[in-house]
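As provided, input_33.tsv (TSV, C-alpha atoms) reads as follows.
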chain	number	residue	atom	x	y	z
A	73	MET	CA	0.31	4.81	35.28
A	74	ARG	CA	-2.88	6.33	33.92
A	75	THR	CA	-1.50	8.98	31.57
A	76	THR	CA	-3.49	9.43	28.36
A	77	GLY	CA	-1.25	12.19	27.05
A	78	ALA	CA	-3.97	14.85	26.91
A	79	GLU	CA	-2.44	16.81	29.79
A	80	GLN	CA	0.97	16.75	28.12
A	81	VAL	CA	-0.50	18.08	24.87
A	82	GLU	CA	-2.15	20.94	26.74
A	83	GLN	CA	1.04	21.77	28.62
A	84	ALA	CA	3.15	21.76	25.45
A	85	VAL	CA	0.67	24.00	23.65
A	86	ASP	CA	0.49	26.38	26.62
A	87	GLU	CA	4.28	26.71	26.66
A	88	CYS	CA	4.37	27.27	22.89
A	89	VAL	CA	1.66	29.93	22.89
A	90	GLY	CA	3.08	31.62	25.96
A	91	LEU	CA	6.57	31.91	24.46
A	92	LEU	CA	5.60	32.94	20.95
A	93	GLY	CA	2.87	35.25	22.16
A	94	ALA	CA	5.61	37.64	23.28
A	95	VAL	CA	6.96	38.02	19.72
A	96	THR	CA	3.80	38.29	17.60
A	97	ASP	CA	4.87	41.77	16.53
A	98	ARG	CA	7.76	40.28	14.49
A	99	ASP	CA	7.51	39.45	10.77
A	100	TRP	CA	7.15	35.67	10.91
A	101	GLU	CA	6.91	35.40	7.13
A	102	ALA	CA	10.37	36.88	6.65
A	103	VAL	CA	12.17	34.65	9.18
A	104	ARG	CA	13.22	31.07	8.53
A	105	ALA	CA	12.40	28.61	11.33
A	106	GLY	CA	15.79	27.35	12.51
A	107	ARG	CA	17.16	24.68	10.18
A	108	LEU	CA	13.85	24.19	8.39
A	109	GLU	CA	13.05	25.40	4.89
A	110	TRP	CA	9.79	26.88	6.19
A	111	SER	CA	9.27	30.37	7.50
A	112	CYS	CA	8.16	30.80	11.09
A	113	ARG	CA	4.67	31.56	9.83
A	114	GLU	CA	4.54	28.35	7.80
A	115	THR	CA	5.85	26.42	10.79
A	116	ALA	CA	3.11	27.81	13.03
A	117	VAL	CA	0.48	26.64	10.55
A	118	HIS	CA	2.18	23.25	10.41
A	119	ILE	CA	1.91	22.86	14.20
A	120	ALA	CA	-1.82	23.54	14.00
A	121	GLU	CA	-2.15	21.08	11.08
A	122	ASP	CA	-0.40	18.34	13.03
A	123	LEU	CA	-2.57	18.80	16.09
A	124	ILE	CA	-5.89	18.67	14.25
A	125	GLY	CA	-4.59	15.97	11.91
A	126	TYR	CA	-3.80	13.66	14.81
A	127	ALA	CA	-7.15	14.50	16.40
A	128	GLY	CA	-8.81	13.47	13.14
A	129	GLN	CA	-7.00	10.15	13.04
A	130	LEU	CA	-8.18	9.26	16.54
A	131	ALA	CA	-11.71	10.64	16.25
A	132	GLY	CA	-12.29	8.96	12.90
A	133	ARG	CA	-10.61	5.69	13.95
A	134	GLU	CA	-8.82	5.82	10.59
A	135	PRO	CA	-7.52	2.29	9.86
A	136	GLU	CA	-5.58	2.56	6.60
A	137	SER	CA	-4.59	6.13	5.73
A	138	TYR	CA	-4.57	9.77	6.77
A	139	THR	CA	-7.91	11.56	6.93
A	140	PRO	CA	-7.99	13.59	3.66
A	141	PHE	CA	-8.29	17.17	4.85
A	142	GLU	CA	-6.12	20.20	5.54
A	143	ILE	CA	-6.55	23.54	7.25
A	144	SER	CA	-5.72	27.09	6.23
A	145	LEU	CA	-5.90	30.38	8.06
A	146	GLU	CA	-8.31	33.06	6.94
A	147	GLU	CA	-6.78	35.78	4.84
A	148	GLY	CA	-5.52	38.58	7.05
A	149	THR	CA	-4.95	36.40	10.13
A	150	ASP	CA	-2.11	37.91	12.12
A	151	ASN	CA	0.46	36.05	14.22
A	152	ALA	CA	-1.65	36.30	17.34
A	153	GLY	CA	-4.50	34.74	15.38
A	154	ALA	CA	-2.23	31.89	14.28
A	155	LEU	CA	-1.46	31.17	17.94
A	156	ARG	CA	-5.20	31.15	18.70
A	157	VAL	CA	-5.57	28.47	16.05
A	158	ILE	CA	-2.74	26.44	17.59
A	159	ARG	CA	-4.40	26.68	21.01
A	160	THR	CA	-7.77	25.64	19.59
A	161	MET	CA	-6.36	22.72	17.63
A	162	GLY	CA	-4.50	21.62	20.74
A	163	ALA	CA	-7.73	21.69	22.76
A	164	LEU	CA	-9.51	19.60	20.12
A	165	PHE	CA	-6.64	17.12	20.05
A	166	ALA	CA	-6.63	16.80	23.84
A	167	ALA	CA	-10.39	16.21	23.78
A	168	ALA	CA	-9.97	13.50	21.14
A	169	ILE	CA	-7.33	11.78	23.28
A	170	ARG	CA	-9.54	11.86	26.38
A	171	THR	CA	-12.53	10.38	24.55
A	172	THR	CA	-10.60	7.63	22.75
A	173	PRO	CA	-10.55	4.22	24.49
A	174	ARG	CA	-7.13	2.84	25.28
A	175	GLU	CA	-7.49	-0.10	22.88
A	176	VAL	CA	-8.24	2.05	19.81
A	177	ARG	CA	-5.48	2.35	17.24
A	178	ALA	CA	-5.49	4.51	14.13
A	179	PHE	CA	-3.25	4.77	11.10
A	180	HIS	CA	0.21	6.24	11.29
A	181	PRO	CA	2.98	4.97	9.00
A	182	TYR	CA	5.95	4.86	11.40
A	183	PRO	CA	6.95	2.14	11.76
A	184	PHE	CA	4.13	-0.42	12.16
A	185	ARG	CA	1.24	1.51	10.54
A	186	SER	CA	-0.73	2.32	13.70
A	187	ALA	CA	-0.60	4.16	17.02
A	188	ASN	CA	-2.77	4.35	20.13
A	189	ARG	CA	-3.90	7.51	21.89
A	190	GLU	CA	-0.68	7.72	23.90
A	191	GLY	CA	1.42	7.35	20.77
A	192	PHE	CA	-0.51	10.10	19.00
A	193	ALA	CA	-0.19	12.30	22.09
A	194	ALA	CA	3.58	11.78	22.12
A	195	MET	CA	3.81	12.60	18.41
A	196	GLY	CA	1.73	15.73	18.91
A	197	VAL	CA	3.84	16.87	21.85
A	198	ALA	CA	6.99	16.22	19.83
A	199	GLU	CA	5.69	18.34	16.95
A	200	VAL	CA	4.89	21.21	19.28
A	201	LEU	CA	8.18	21.08	21.18
A	202	LEU	CA	10.41	20.71	18.16
A	203	HIS	CA	8.73	23.27	15.96
A	204	THR	CA	8.44	25.77	18.79
A	205	HIS	CA	12.21	25.30	19.11
A	206	ASP	CA	12.63	25.90	15.37
A	207	MET	CA	10.58	29.09	15.50
A	208	ALA	CA	12.31	30.31	18.66
A	209	GLU	CA	15.68	29.74	17.02
A	210	GLY	CA	14.63	31.73	13.98
A	211	LEU	CA	13.14	34.54	16.03
A	212	GLY	CA	16.09	34.69	18.43
A	213	VAL	CA	14.28	33.85	21.65
A	214	ALA	CA	15.32	31.31	24.28
A	215	TYR	CA	13.23	28.17	24.65
A	216	GLU	CA	13.55	25.04	26.73
A	217	PRO	CA	10.42	22.98	27.42
A	218	ALA	CA	9.65	21.23	30.66
A	219	PRO	CA	11.86	18.14	31.07
A	220	GLU	CA	8.87	15.92	31.81
A	221	LEU	CA	7.40	16.71	28.38
A	222	CYS	CA	10.62	15.67	26.65
A	223	ASP	CA	10.78	12.51	28.75
A	224	PHE	CA	7.15	11.75	27.86
A	225	VAL	CA	8.08	11.84	24.18
A	226	LEU	CA	11.35	9.92	24.46
A	227	THR	CA	9.97	7.05	26.53
A	228	ARG	CA	7.05	6.49	24.16
A	229	ILE	CA	8.15	7.08	20.59
A	230	PHE	CA	11.97	7.07	20.81
A	231	PRO	CA	12.48	3.68	22.52
A	232	HIS	CA	15.61	3.07	20.46
A	233	VAL	CA	17.34	6.24	21.70
A	234	GLN	CA	19.57	5.95	24.75
A	235	PRO	CA	18.83	8.59	27.37
A	236	GLY	CA	21.35	11.42	27.42
A	237	PRO	CA	22.43	14.07	29.92
A	238	THR	CA	19.01	15.78	29.83
A	239	PRO	CA	15.77	14.84	28.06
A	240	TRP	CA	15.68	18.05	26.00
A	241	ARG	CA	19.23	17.73	24.69
A	242	THR	CA	18.56	14.07	23.91
A	243	LEU	CA	15.40	14.90	21.96
A	244	LEU	CA	17.17	17.64	20.00
A	245	TRP	CA	20.01	15.23	19.15
A	246	ALA	CA	17.62	12.42	18.19
A	247	THR	CA	15.86	14.71	15.71
A	248	GLY	CA	18.96	16.19	14.12
A	249	ARG	CA	18.77	19.50	15.96
A	250	GLY	CA	21.71	19.25	18.33
A	251	ASP	CA	24.83	17.42	19.39
A	252	LEU	CA	25.62	15.06	22.24
A	253	PRO	CA	29.14	14.24	23.43
A	254	GLY	CA	30.31	10.88	22.14
A	255	ARG	CA	27.47	10.45	19.66
A	256	GLU	CA	27.50	10.92	15.92
A	257	PRO	CA	25.23	13.64	14.52
A	258	VAL	CA	21.80	12.44	13.42
A	259	THR	CA	21.08	13.11	9.74
A	260	GLY	CA	17.92	11.05	9.31
A	261	TRP	CA	15.40	9.87	11.87
A	262	ARG	CA	11.97	8.41	12.52
A	263	TRP	CA	10.09	7.95	15.73
A	264	SER	CA	8.74	4.52	16.60
A	265	ASN	CA	5.24	3.75	17.83
A	266	ASN	CA	4.79	0.48	19.70
A	267	HIS	CA	4.27	-2.73	17.76
A	268	VAL	CA	0.97	-4.61	18.07
A	269	ILE	CA	0.19	-8.18	16.98
A	270	PRO	CA	-3.49	-9.22	16.87
A	271	THR	CA	-4.81	-12.73	17.42
A	272	GLU	CA	-8.36	-14.10	17.53
A	273	ARG	CA	-8.88	-13.32	21.22
A	274	LEU	CA	-5.88	-11.18	22.15
A	275	THR	CA	-3.83	-8.17	21.23
A	276	LEU	CA	-0.10	-8.41	21.90
A	277	GLN	CA	0.84	-4.82	22.73
A	278	GLY	CA	4.48	-3.76	22.62
A	279	VAL	CA	5.68	-2.33	25.93
A	280	THR	CA	7.22	1.15	25.72
A	281	PRO	CA	10.09	2.20	28.02
A	282	ALA	CA	7.55	4.32	29.92
A	283	ALA	CA	5.34	1.29	30.59
A	284	ALA	CA	8.34	-0.93	31.31
A	285	GLY	CA	9.68	1.47	33.91
A	286	ASP	CA	6.29	1.59	35.63
A	287	LEU	CA	5.73	-2.18	35.49
A	288	SER	CA	9.19	-2.91	36.85
A	289	THR	CA	8.30	-1.24	40.15
A	290	VAL	CA	4.77	-1.28	41.56
A	291	GLY	CA	2.80	0.18	38.64
A	292	ASP	CA	0.37	-1.30	36.15
A	293	GLY	CA	2.07	0.09	33.02
A	294	GLY	CA	-1.20	1.73	32.01
A	295	PHE	CA	-2.99	-1.61	31.58
A	296	GLU	CA	-6.14	-2.91	33.27
A	297	TRP	CA	-4.94	-6.20	34.71
A	298	LEU	CA	-6.93	-9.31	35.47
A	299	ASP	CA	-7.00	-10.02	39.21
A	300	GLY	CA	-3.55	-10.98	40.45
A	301	GLY	CA	-1.58	-9.18	37.78
A	302	PRO	CA	0.96	-8.18	36.86
A	303	ILE	CA	2.95	-11.07	38.31
A	304	GLU	CA	6.62	-11.25	39.20
A	305	GLY	CA	7.83	-12.53	35.82
A	306	THR	CA	6.27	-9.53	34.08
A	307	ARG	CA	7.91	-7.12	36.52
A	308	ILE	CA	11.31	-8.78	36.12
A	309	GLY	CA	11.03	-8.78	32.32
A	310	SER	CA	9.95	-5.13	32.34
A	311	GLY	CA	13.00	-4.25	34.39
A	312	LEU	CA	15.21	-5.90	31.78
A	313	VAL	CA	13.48	-3.97	29.01
A	314	PHE	CA	14.01	-0.68	30.81
A	315	LYS	CA	17.65	-1.53	31.48
A	316	GLN	CA	18.14	-2.22	27.75
A	317	TYR	CA	16.59	1.19	27.03
A	318	GLU	CA	18.93	2.91	29.49
A	319	ASP	CA	21.89	1.11	27.90
A	320	GLY	CA	20.84	2.12	24.38
A	321	VAL	CA	20.42	-1.46	23.13
A	322	HIS	CA	16.63	-1.76	23.27
A	323	ARG	CA	14.94	-2.60	19.97
A	324	PRO	CA	11.21	-2.35	20.62
A	325	GLU	CA	9.95	-5.08	18.29
A	326	TRP	CA	12.31	-7.53	20.03
A	327	GLY	CA	11.16	-6.53	23.51
A	328	MET	CA	8.13	-7.37	25.65
A	329	TYR	CA	4.44	-7.57	24.75
A	330	VAL	CA	1.53	-7.45	27.17
A	331	LEU	CA	-1.29	-9.86	26.28
A	332	VAL	CA	-4.58	-7.95	26.31
A	333	ARG	CA	-7.89	-9.79	26.01
A	334	ARG	CA	-10.08	-8.30	23.29
A	335	GLU	CA	-13.44	-8.94	24.95
A	336	ASP	CA	-12.78	-6.77	28.00
A	337	GLY	CA	-9.40	-5.05	27.53
A	338	ARG	CA	-7.87	-6.85	30.50
A	339	ALA	CA	-4.15	-7.63	30.54
A	340	LEU	CA	-3.52	-11.33	31.18
A	341	GLY	CA	0.27	-11.60	31.17
A	342	ALA	CA	3.37	-10.85	29.14
A	343	MET	CA	5.44	-12.49	26.43
A	344	GLY	CA	8.58	-11.35	24.72
A	345	PHE	CA	12.12	-11.84	23.58
A	346	HIS	CA	15.22	-11.80	25.76
A	347	SER	CA	17.21	-9.83	23.17
A	348	VAL	CA	17.57	-9.21	19.46
A	349	PRO	CA	18.25	-12.20	17.16
A	350	ASP	CA	21.85	-13.39	17.31
A	351	GLU	CA	24.15	-13.81	14.30
A	352	SER	CA	22.78	-17.29	13.58
A	353	GLY	CA	19.18	-16.04	13.63
A	354	ARG	CA	18.31	-17.53	17.04
A	355	LEU	CA	15.86	-15.70	19.26
A	356	GLU	CA	14.76	-16.71	22.77
A	357	VAL	CA	11.19	-16.20	23.95
A	358	GLY	CA	9.71	-16.17	27.46
A	359	TYR	CA	6.21	-15.66	28.88
A	360	ASP	CA	3.91	-15.73	31.89
A	361	LEU	CA	0.20	-15.49	32.61
A	362	VAL	CA	-1.85	-14.30	35.54
A	363	GLU	CA	-3.10	-17.41	37.32
A	364	ALA	CA	-6.77	-16.65	36.59
A	365	ALA	CA	-6.02	-16.63	32.84
A	366	ARG	CA	-4.34	-20.02	32.73
A	367	GLY	CA	-5.91	-23.09	31.17
A	368	HIS	CA	-7.77	-21.24	28.41
A	369	GLY	CA	-5.21	-21.50	25.60
A	370	TYR	CA	-4.18	-17.84	25.75
A	371	ALA	CA	-0.45	-18.54	26.05
A	372	THR	CA	-0.53	-20.97	23.12
A	373	GLU	CA	-2.46	-18.50	20.97
A	374	ALA	CA	-0.06	-15.68	21.77
A	375	LEU	CA	3.05	-17.81	21.30
A	376	ARG	CA	1.91	-19.00	17.89
A	377	ALA	CA	1.30	-15.44	16.75
A	378	LEU	CA	4.50	-13.97	18.17
A	379	SER	CA	6.64	-16.83	16.83
A	380	ALA	CA	5.05	-16.61	13.38
A	381	TRP	CA	5.73	-12.88	13.26
A	382	ALA	CA	9.35	-13.38	14.32
A	383	LEU	CA	9.97	-16.17	11.81
A	384	SER	CA	8.56	-13.99	9.03
A	385	ARG	CA	11.52	-11.67	9.52
A	386	ASP	CA	14.62	-12.31	7.44
A	387	GLU	CA	16.94	-12.08	10.45
A	388	VAL	CA	15.24	-14.93	12.36
A	389	ARG	CA	15.77	-18.64	11.71
A	390	THR	CA	14.89	-20.25	15.05
A	391	VAL	CA	12.77	-19.30	18.06
A	392	VAL	CA	14.04	-20.90	21.28
A	393	ALA	CA	12.46	-21.42	24.70
A	394	ASN	CA	13.99	-22.86	27.87
A	395	VAL	CA	11.59	-24.27	30.45
A	396	GLU	CA	12.07	-25.81	33.89
A	397	ARG	CA	11.66	-29.59	33.79
A	398	ASP	CA	8.80	-29.60	36.31
A	399	ASN	CA	6.77	-26.85	34.57
A	400	ALA	CA	4.30	-29.20	32.89
A	401	PRO	CA	1.81	-26.50	31.75
A	402	SER	CA	4.57	-24.62	29.91
A	403	HIS	CA	5.73	-27.82	28.21
A	404	ARG	CA	2.18	-28.30	26.92
A	405	VAL	CA	2.01	-24.72	25.68
A	406	LEU	CA	5.22	-25.11	23.69
A	407	ALA	CA	4.14	-28.44	22.22
A	408	ARG	CA	0.76	-27.06	21.12
A	409	ALA	CA	2.52	-24.07	19.58
A	410	GLY	CA	4.65	-26.40	17.44
A	411	PHE	CA	7.93	-26.28	19.36
A	412	GLU	CA	10.07	-29.41	19.63
A	413	ALA	CA	12.24	-30.42	22.58
A	414	VAL	CA	15.85	-30.54	21.39
A	415	ALA	CA	17.93	-30.80	24.59
A	416	GLN	CA	17.61	-31.12	28.34
A	417	ASP	CA	19.62	-31.22	31.53
A	418	THR	CA	18.77	-31.75	35.17
A	419	GLU	CA	16.99	-28.38	35.41
A	420	GLN	CA	15.68	-27.33	32.00
A	421	VAL	CA	14.35	-28.51	28.67
A	422	ALA	CA	15.28	-26.55	25.53
A	423	TYR	CA	12.68	-26.15	22.78
A	424	GLU	CA	13.00	-24.85	19.22
A	425	LEU	CA	10.65	-23.77	16.48
A	426	ARG	CA	12.00	-23.44	12.95
A	427	GLU	CA	10.16	-22.09	9.95
A	428	PRO	CA	10.82	-24.10	6.79
A	429	ARG	CA	12.33	-21.85	4.15
A	430	GLY	CA	12.15	-22.65	0.47
What does the file become when written as C-alpha cells?
Amino acid sequence: MRTTGAEQVEQAVDECVGLLGAVTDRDWEAVRAGRLEWSCRETAVHIAEDLIGYAGQLAGREPESYTPFEISLEEGTDNAGALRVIRTMGALFAAAIRTTPREVRAFHPYPFRSANREGFAAMGVAEVLLHTHDMAEGLGVAYEPAPELCDFVLTRIFPHVQPGPTPWRTLLWATGRGDLPGREPVTGWRWSNNHVIPTERLTLQGVTPAAAGDLSTVGDGGFEWLDGGPIEGTRIGSGLVFKQYEDGVHRPEWGMYVLVRREDGRALGAMGFHSVPDESGRLEVGYDLVEAARGHGYATEALRALSAWALSRDEVRTVVANVERDNAPSHRVLARAGFEAVAQDTEQVAYELREPRG
C-alpha cells in the first residue's frame, strides 16, 4: 500500500472541475450551495482555500497552528476563472503531498492536533467531494464521485463510521448531508486523523482502517518494515481492527499502533488495545516485534508510553496484559514497564498496571 493521496486529490479536482465547468454560465453568486449558508461562488473559493491551506500546512511543516494566510480571486474573475484557481490549488496541494516524507506531521486540530500527508490528502479530497456536492445540489446538476475516492476518505479520516450500502451515501450521511436506513441523522460531526504517540526513539502511529485492511492480508500498510515484518501477530491484530471498523465499533485511539523507529522510519512491530475500556476502566494491551528489533528495549519504551497515555484518560483505571507462561522476554518487558503479575494459570500470567490517583 503505497498511496500518498496525491493521485486521489488530482482525481477529485478533475471530477469537480469537469462537472462544474459545464455550468459556468450560471449565476453562482445568486444560488445557495445546498444546505450551506454560502453561495456557490463562495463555496468554490472555499474549495480553493482548503486545497492551498492544506498544501501550506505540509510545505511549511506547521507544528502548532494554521499558516496565517488566505487567498482571494482578482476582481472580475468569472466562474471559469474560479475553476482554474481550484485546479491550480489542487495541483500545488498534490505536489506538496508528493514531496512530503511519510513521517512528517503538521498541525490540524481534529482530533489529536496533527495529520500526516495521507490525512491531509483525505481531508482535501473530502472538502472537494462534499462541496462539489453542495454546489451541484444548488445548481441542480447530478453528481456522484468515484466510489474509490469516497472509500479513500472514509477509511482514513472516518474510522469511527461503520461502512454503509455505498461509500458515497455513507460519506453524505456521516457529514449530515443524507440519510441511511436504520441510522439516526447526523447533526454534528468531525473527522478523525490518526493518533500518534512519540517516544525517545519511536513514534507509535495509529493504524487507520485502510492500513489495517492492507496489513491483515499480504500488504505492508504503507509502512517500511524492518526485515521480517510485519509478522503474524500484527496481521491478526490488523484483521481484528478492520473487523471492528466493519462492525461500527472501532474507536481509533483504542486500536492498534505501529511502532516506527525515528532514526530510519522503519516499522518494527505493533502494539495496541483489544477493545475500548470496559465499565470498570480496564483495558487490555498486546504487542509484537519483528525479530530483528528484539532485545533493544523498543517494546518496553513503547509500552511505557502507550500505557501512560491510556492511564491519563479519565475512563481508564487499569491496563492489563496476558502473557504465555513460557514467554520470558515478554515477562521482562512487562516488568520493566512497571506491570505487576496478579494471577496465573497453567497457560498464562496476568499483569496489571495501575496509575495512582489522588
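Counting from atom CA of Gln416 of chain A, the distance to atom CA of Asp386 of chain A is 28.3 Å.
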Segment 148-203 of chain A near segment 104-124 of chain A within 7 Å: what's each residue's closest atom pair and its distance in Å to one decimal, counting all atoms listed in the file, ordered by chain then ascending residue number, as CSV?
residue,atom,partner,partner_atom,distance
A:Ala154,CA,A:Ala116,CA,6.8
A:Val157,CA,A:Ala120,CA,6.5
A:Ile158,CA,A:Ala120,CA,4.7
A:Met161,CA,A:Ile124,CA,5.3
A:Gly162,CA,A:Leu123,CA,5.8
A:Leu164,CA,A:Ile124,CA,7.0
A:Phe165,CA,A:Leu123,CA,5.9
A:Gly196,CA,A:Leu123,CA,6.0
A:Glu199,CA,A:Ile119,CA,6.5
A:Val200,CA,A:Ile119,CA,6.1
A:His203,CA,A:Thr115,CA,6.7
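Taking all atoms listed in the file, the non-local environment of Thr172 of chain A within 8 Å (same-chain residues fewer than 4 positions away omitted) comprises Leu130, Ala131, Ala168, Val176 and Arg189 of chain A.
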Take the residues that were just selected and, keeping C-alpha atoms, output them as a tab-separated table (two decimals), keeping the file's coordinate frame.
chain	number	residue	atom	x	y	z
A	130	LEU	CA	-8.18	9.26	16.54
A	131	ALA	CA	-11.71	10.64	16.25
A	168	ALA	CA	-9.97	13.50	21.14
A	176	VAL	CA	-8.24	2.05	19.81
A	189	ARG	CA	-3.90	7.51	21.89
Compile the contact shell of Lys315 of chain A as a list in words: residues with an atom at most 9 Å away, counting all atoms listed in the file, same-chain residues fewer than 6 positions apart removed. Gly285, Val321 and His322 of chain A
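Of the listed residues (A:Val103, A:Ala94, A:Ala84, A:Ala167), A:Ala84 comes nearest to Ala218 of chain A; the distances count all atoms listed in the file.
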Please provide as a count of residues only all residues within 8 Å of segment 257-260 of chain A, with the sequence filter that same-chain residues fewer than 4 positions apart are discarded (counting only C-alpha atoms). 7
Quick one: distance from atom CA of Ala193 of chain A to atom CA of Ala78 of chain A in Å, one decimal? 6.6 Å
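Our summary of the geometry notes that atom CA of Asn188 of chain A is positioned 25.8 Å from atom CA of His205 of chain A.
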As number ranges by chain, please: the residues near Ile308 of chain A (cut-off 10 Å, only C-alpha atoms, same-chain neighbours under 5 positions excluded). A: 284, 287-289, 303, 313
Please provide as a PyMOL selection string all residues within 10 Å of Ala208 of chain A, with the sequence filter that same-chain residues fewer than 3 positions apart are discarded (counting all atoms listed in the file). chain A and resi 88+91-92+95+105-106+112+202-205+211-216
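Distances to Met328 of chain A were evaluated for A:Asp86, A:Glu272, A:Glu351, A:Asp360 using all atoms listed in the file, and the minimum falls at A:Asp360.
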A:Pro183, A:Gly294, A:Pro217, A:Pro253 ranked by distance to Trp240 of chain A, top pick (using all atoms listed in the file): A:Pro217
Could you tell me, as a ChimeraX atom specification, which residues have any atom at most 6 Å from (-7.0, -17.5, 37.7), counting all atoms listed in the file? /A:363-365
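A cut-off of 12 Å from the point (2.1, -26.6, 25.2), with all atoms listed in the file, picks out the residues Arg366, Gly367, His368, Gly369, Tyr370, Ala371, Thr372, Glu373, Ala374, Leu375, Arg376, Ala393, Val395, Asn399, Ala400, Pro401, Ser402, His403, Arg404, Val405, Leu406, Ala407, Arg408, Ala409, Gly410, Phe411, Glu412, Ala413 and Tyr423 of chain A.
Between Ala282 of chain A and the candidates A:Arg170, A:Arg333, A:Arg389, A:Arg74, the tightest atom-to-atom separation, counting all atoms listed in the file, involves A:Arg74.
If only C-alpha atoms are the atoms counted, then among A:Pro270, A:Gly90, A:Gly353, A:Gly300 the closest residue to Gly341 of chain A is A:Gly300.
Shortest separation to Glu424 of chain A among A:Leu355, A:Val362, A:Leu145, A:Ala152 occurs at residue A:Leu355, atoms counted being all atoms listed in the file.
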